[in-house]
Amino acid sequence: MALGTATASHELRFDAGRVCLDLLATDHPEERFDSVPVLRAWIAGAGLVPPGTSLAHVDSSWPPAFRELRERVGQLVRRGLGAEPRSGCAGALARVNEAARAAPPAPRAVLAEDGALVRELAAPPECAALLGAIARDAVELLTDPVARAGLRQCAGDNCPIVYVDSSRGRRRRWCSSEVCGNRERVARHRRRAALTRA
């Protein structure tokens with residue numbers, strides 16, 4: 001599984017700059033949270049749990065909860081981009097605030113075999129705790145004027161991915177240079193080649 005790119009329909013992306021925005025990318029170009037194994041892979045890939053954390057307890061009740069939070073966070077992010085009416089987000093705001101109240105998974109330090117301290121969770125993470133971590137990230141993003149000013153929607157053809165532009169000069173145009181940026185460069189090349197032939 002590649003991090004940061006999505007060249008195949010099953011690959012997950014973690015290149016939006018915030019975990020709450022990475023969550024939004026899980027329904028493009030198709031729904032990713034339609035299976036428990038993919039949700040487990042996303043939770044681990046998003047860094048919501050320390051590496052090696054067992055997620056065997058994740059069951060079929062989790063994907064709908066993640067999809068529902070994704071929808072609510074998406075409404076608030078689109079509102080922040082001016083694509084959603086200001087008055088229509090009260091329900092989304094209430095749901096995200098409610099989810100953000102959940103206590104995060106409790107970490108602890110343990111000695112690894114080589115004697116180094118490593119982080120692990122004191123207990124298997126609960127669904128509400130992980131949703132709470134994502135919701136808190138959304139609250140922090142959407143209430144921070146500097147971070148919110150960096151929100152961009154990908155300029156790629158039909159790409160709804162939203163990311164935080166932290167590039168120098170805030171000139172980033174695509175969610176991923178390797179995905180949408182490459183498509184745009186190929187299309188531009190084909191247009192130039194067609195004009196040259198004509």
# chains A, B, ... in the order shown; residues from 1 in each chain; ligands from 1

call {"tool": "select_by_dssp", "arguments": {"residues": "stretch 50-133 of chain A", "states": "strand (DSSP E)", "output": "list in words"}}
result
Pro107, Arg108, Ala109, Val110, Leu111, Leu117, Val118, Arg119, Glu120 and Leu121 of chain A

call {"tool": "write_last_selection", "arguments": {"atoms": "N, CA and C atoms", "output": "compact mmCIF listing (two decimals), in the first residue's frame"}}
result
# COMPACT_ATOMS: atom_id res chain seq x y z
N PRO A 107 -2.06 6.53 25.80
CA PRO A 107 -0.76 5.95 25.45
C PRO A 107 0.04 5.61 26.71
N ARG A 108 1.01 4.77 26.52
CA ARG A 108 1.95 4.48 27.60
C ARG A 108 3.30 4.17 26.96
N ALA A 109 4.36 4.37 27.72
CA ALA A 109 5.70 4.06 27.25
C ALA A 109 6.09 2.68 27.76
N VAL A 110 6.68 1.88 26.90
CA VAL A 110 7.15 0.55 27.28
C VAL A 110 8.56 0.36 26.75
N LEU A 111 9.30 -0.52 27.37
CA LEU A 111 10.64 -0.82 26.91
C LEU A 111 10.59 -1.82 25.76
N LEU A 117 12.56 3.26 24.63
CA LEU A 117 11.16 3.46 24.99
C LEU A 117 10.33 3.62 23.72
N VAL A 118 9.23 2.90 23.65
CA VAL A 118 8.32 3.02 22.52
C VAL A 118 6.91 3.26 23.05
N ARG A 119 6.09 3.84 22.21
CA ARG A 119 4.72 4.15 22.61
C ARG A 119 3.79 3.03 22.17
N GLU A 120 2.88 2.69 23.05
CA GLU A 120 1.80 1.77 22.70
C GLU A 120 0.56 2.24 23.46
N LEU A 121 -0.57 1.67 23.15
CA LEU A 121 -1.80 2.04 23.82
C LEU A 121 -2.02 1.15 25.04

call {"tool": "select_by_dssp", "arguments": {"residues": "stretch 12-57 of chain A", "states": "helix (DSSP H, G or I)", "output": "PyMOL selection string"}}
result
chain A and resi 19-27+36-45

call {"tool": "closest_residue", "arguments": {"among": "A:Val186, A:Leu151, A:Val36, A:Leu76", "to": "A:His57", "atoms": "only C-alpha atoms"}}
result
A:Val36

call {"tool": "closest_atom_pairs", "arguments": {"of": "stretch 112-136 of chain A", "to": "stretch 58-71 of chain A", "cutoff": "9 Å", "atoms": "only C-alpha atoms", "output": "JSON lines"}}
result
{"residue": "A:Glu126", "atom": "CA", "partner": "A:Val58", "partner_atom": "CA", "distance": 8.5}
{"residue": "A:Cys127", "atom": "CA", "partner": "A:Trp62", "partner_atom": "CA", "distance": 6.5}
{"residue": "A:Ala128", "atom": "CA", "partner": "A:Ala65", "partner_atom": "CA", "distance": 8.7}
{"residue": "A:Leu131", "atom": "CA", "partner": "A:Phe66", "partner_atom": "CA", "distance": 7.0}
{"residue": "A:Ile134", "atom": "CA", "partner": "A:Leu69", "partner_atom": "CA", "distance": 8.6}
{"residue": "A:Ala135", "atom": "CA", "partner": "A:Leu69", "partner_atom": "CA", "distance": 7.8}

call {"tool": "write_last_selection", "arguments": {"atoms": "all heavy atoms", "output": "PDB file, in the first residue's frame"}}
result
ATOM      1  N   GLU A 126     -10.934   2.296  21.328  1.00  0.00           N
ATOM      2  CA  GLU A 126     -12.379   2.228  21.071  1.00  0.00           C
ATOM      3  C   GLU A 126     -12.699   3.068  19.829  1.00  0.00           C
ATOM      4  O   GLU A 126     -12.000   4.037  19.520  1.00  0.00           O
ATOM      5  CB  GLU A 126     -13.138   2.795  22.272  1.00  0.00           C
ATOM      6  CG  GLU A 126     -12.758   2.170  23.578  1.00  0.00           C
ATOM      7  CD  GLU A 126     -13.870   1.322  24.139  1.00  0.00           C
ATOM      8  OE1 GLU A 126     -15.016   1.498  23.717  1.00  0.00           O
ATOM      9  OE2 GLU A 126     -13.550   0.480  24.994  1.00  0.00           O
ATOM     10  N   CYS A 127     -13.767   2.730  19.160  1.00  0.00           N
ATOM     11  CA  CYS A 127     -14.201   3.467  17.978  1.00  0.00           C
ATOM     12  C   CYS A 127     -14.413   4.941  18.312  1.00  0.00           C
ATOM     13  O   CYS A 127     -13.925   5.825  17.607  1.00  0.00           O
ATOM     14  CB  CYS A 127     -15.477   2.847  17.412  1.00  0.00           C
ATOM     15  SG  CYS A 127     -16.057   3.605  15.881  1.00  0.00           S
ATOM     16  N   ALA A 128     -15.121   5.222  19.395  1.00  0.00           N
ATOM     17  CA  ALA A 128     -15.413   6.606  19.776  1.00  0.00           C
ATOM     18  C   ALA A 128     -14.138   7.395  20.036  1.00  0.00           C
ATOM     19  O   ALA A 128     -14.060   8.585  19.709  1.00  0.00           O
ATOM     20  CB  ALA A 128     -16.320   6.636  21.002  1.00  0.00           C
ATOM     21  N   LEU A 131     -12.631   8.231  16.596  1.00  0.00           N
ATOM     22  CA  LEU A 131     -13.465   9.262  15.966  1.00  0.00           C
ATOM     23  C   LEU A 131     -13.236  10.605  16.661  1.00  0.00           C
ATOM     24  O   LEU A 131     -13.199  11.655  16.010  1.00  0.00           O
ATOM     25  CB  LEU A 131     -14.940   8.872  16.030  1.00  0.00           C
ATOM     26  CG  LEU A 131     -15.346   7.664  15.192  1.00  0.00           C
ATOM     27  CD1 LEU A 131     -16.797   7.295  15.464  1.00  0.00           C
ATOM     28  CD2 LEU A 131     -15.119   7.902  13.714  1.00  0.00           C
ATOM     29  N   ILE A 134     -10.104  12.308  15.384  1.00  0.00           N
ATOM     30  CA  ILE A 134     -10.336  12.923  14.068  1.00  0.00           C
ATOM     31  C   ILE A 134     -11.168  14.192  14.223  1.00  0.00           C
ATOM     32  O   ILE A 134     -10.884  15.222  13.607  1.00  0.00           O
ATOM     33  CB  ILE A 134     -11.030  11.930  13.121  1.00  0.00           C
ATOM     34  CG1 ILE A 134     -10.150  10.713  12.891  1.00  0.00           C
ATOM     35  CG2 ILE A 134     -11.387  12.608  11.798  1.00  0.00           C
ATOM     36  CD1 ILE A 134     -10.875   9.540  12.243  1.00  0.00           C
ATOM     37  N   ALA A 135     -12.204  14.124  15.043  1.00  0.00           N
ATOM     38  CA  ALA A 135     -13.072  15.293  15.248  1.00  0.00           C
ATOM     39  C   ALA A 135     -12.291  16.443  15.884  1.00  0.00           C
ATOM     40  O   ALA A 135     -12.460  17.604  15.492  1.00  0.00           O
ATOM     41  CB  ALA A 135     -14.272  14.914  16.117  1.00  0.00           C
TER      42      ALA A 135
END

call {"tool": "residues_around", "arguments": {"residues": "A:Ala16", "least_positions_apart": "2", "cutoff": "9 Å", "atoms": "only C-alpha atoms", "output": "PyMOL selection string"}}
result
chain A and resi 4+13-14+18-22+25+161-165+175-176

call {"tool": "write_last_selection", "arguments": {"atoms": "N, CA, C and O atoms", "output": "short mmCIF file (atom, residue, chain, number, x, y, z; two decimals), in the first residue's frame"}}
result
data_model
loop_
_atom_site.label_atom_id
_atom_site.label_comp_id
_atom_site.auth_asym_id
_atom_site.auth_seq_id
_atom_site.Cartn_x
_atom_site.Cartn_y
_atom_site.Cartn_z
N GLY A 4 0.62 8.39 0.25
CA GLY A 4 0.80 9.62 -0.50
C GLY A 4 0.40 9.54 -1.96
O GLY A 4 0.40 10.54 -2.63
N ARG A 13 -4.78 7.14 0.72
CA ARG A 13 -3.97 8.35 0.60
C ARG A 13 -3.86 9.03 1.95
O ARG A 13 -4.82 9.11 2.69
N PHE A 14 -2.67 9.57 2.21
CA PHE A 14 -2.40 10.29 3.45
C PHE A 14 -1.57 11.52 3.12
O PHE A 14 -0.53 11.76 3.70
N ARG A 18 -3.66 16.82 7.04
CA ARG A 18 -4.37 16.67 8.32
C ARG A 18 -5.13 15.36 8.27
O ARG A 18 -5.66 14.97 7.23
N VAL A 19 -5.23 14.71 9.43
CA VAL A 19 -5.93 13.42 9.46
C VAL A 19 -7.41 13.58 9.10
O VAL A 19 -7.99 12.73 8.43
N CYS A 20 -8.03 14.70 9.50
CA CYS A 20 -9.45 14.89 9.16
C CYS A 20 -9.64 15.05 7.65
O CYS A 20 -10.66 14.60 7.11
N LEU A 21 -8.67 15.63 6.96
CA LEU A 21 -8.76 15.77 5.51
C LEU A 21 -8.43 14.45 4.81
O LEU A 21 -8.99 14.14 3.76
N ASP A 22 -7.50 13.67 5.41
CA ASP A 22 -7.24 12.33 4.87
C ASP A 22 -8.51 11.48 4.95
O ASP A 22 -8.77 10.66 4.07
N ALA A 25 -10.74 12.00 2.01
CA ALA A 25 -10.26 11.40 0.76
C ALA A 25 -10.65 9.92 0.62
O ALA A 25 -10.40 9.33 -0.43
N ILE A 161 -10.75 16.34 -3.61
CA ILE A 161 -9.86 16.25 -2.45
C ILE A 161 -9.51 17.66 -1.95
O ILE A 161 -9.16 18.55 -2.72
N VAL A 162 -9.59 17.82 -0.63
CA VAL A 162 -9.22 19.07 0.03
C VAL A 162 -7.94 18.81 0.81
O VAL A 162 -7.79 17.75 1.42
N TYR A 163 -7.02 19.76 0.78
CA TYR A 163 -5.74 19.61 1.46
C TYR A 163 -5.35 20.94 2.09
O TYR A 163 -5.95 21.98 1.80
N VAL A 164 -4.35 20.90 2.95
CA VAL A 164 -3.78 22.11 3.53
C VAL A 164 -2.55 22.45 2.71
O VAL A 164 -1.62 21.66 2.62
N ASP A 165 -2.56 23.63 2.11
CA ASP A 165 -1.43 24.09 1.31
C ASP A 165 -0.41 24.74 2.24
O ASP A 165 -0.59 25.86 2.69
N CYS A 175 -3.91 17.94 -5.14
CA CYS A 175 -3.85 17.12 -3.94
C CYS A 175 -2.57 16.31 -3.93
O CYS A 175 -1.97 16.08 -2.89
N SER A 176 -2.14 15.88 -5.10
CA SER A 176 -0.92 15.10 -5.24
C SER A 176 -0.32 15.38 -6.60
O SER A 176 -0.99 15.24 -7.62
#

call {"tool": "residues_around", "arguments": {"residues": "A:Glu140", "least_positions_apart": "3", "cutoff": "12 Å", "atoms": "only C-alpha atoms", "output": "MDAnalysis selection string"}}
result
chainID A and resid 18:20 73 77 96:97 100 133:137 143:148

call {"tool": "closest_residue", "arguments": {"among": "A:Arg72, A:His28, A:Arg170, A:Arg79", "to": "A:Arg95", "atoms": "only C-alpha atoms"}}
result
A:Arg72

call {"tool": "atom_distance", "arguments": {"atom1": "atom CA of A:Val49", "atom2": "atom CA of A:Gly74"}}
result
22.6 Å

call {"tool": "atom_distance", "arguments": {"atom1": "atom CA of A:Ala122", "atom2": "atom CA of A:Ala106"}}
result
5.7 Å

call {"tool": "closest_residue", "arguments": {"among": "A:Ala116, A:Ala102, A:Ala46, A:Ala56", "to": "A:Leu23", "atoms": "only C-alpha atoms"}}
result
A:Ala46

call {"tool": "atom_distance", "arguments": {"atom1": "atom CA of A:Val38", "atom2": "atom CA of A:Ala129"}}
result
18.6 Å

call {"tool": "closest_residue", "arguments": {"among": "A:Ser166, A:Arg197, A:Gln153, A:Val179", "to": "A:Gly82", "atoms": "only C-alpha atoms"}}
result
A:Gln153
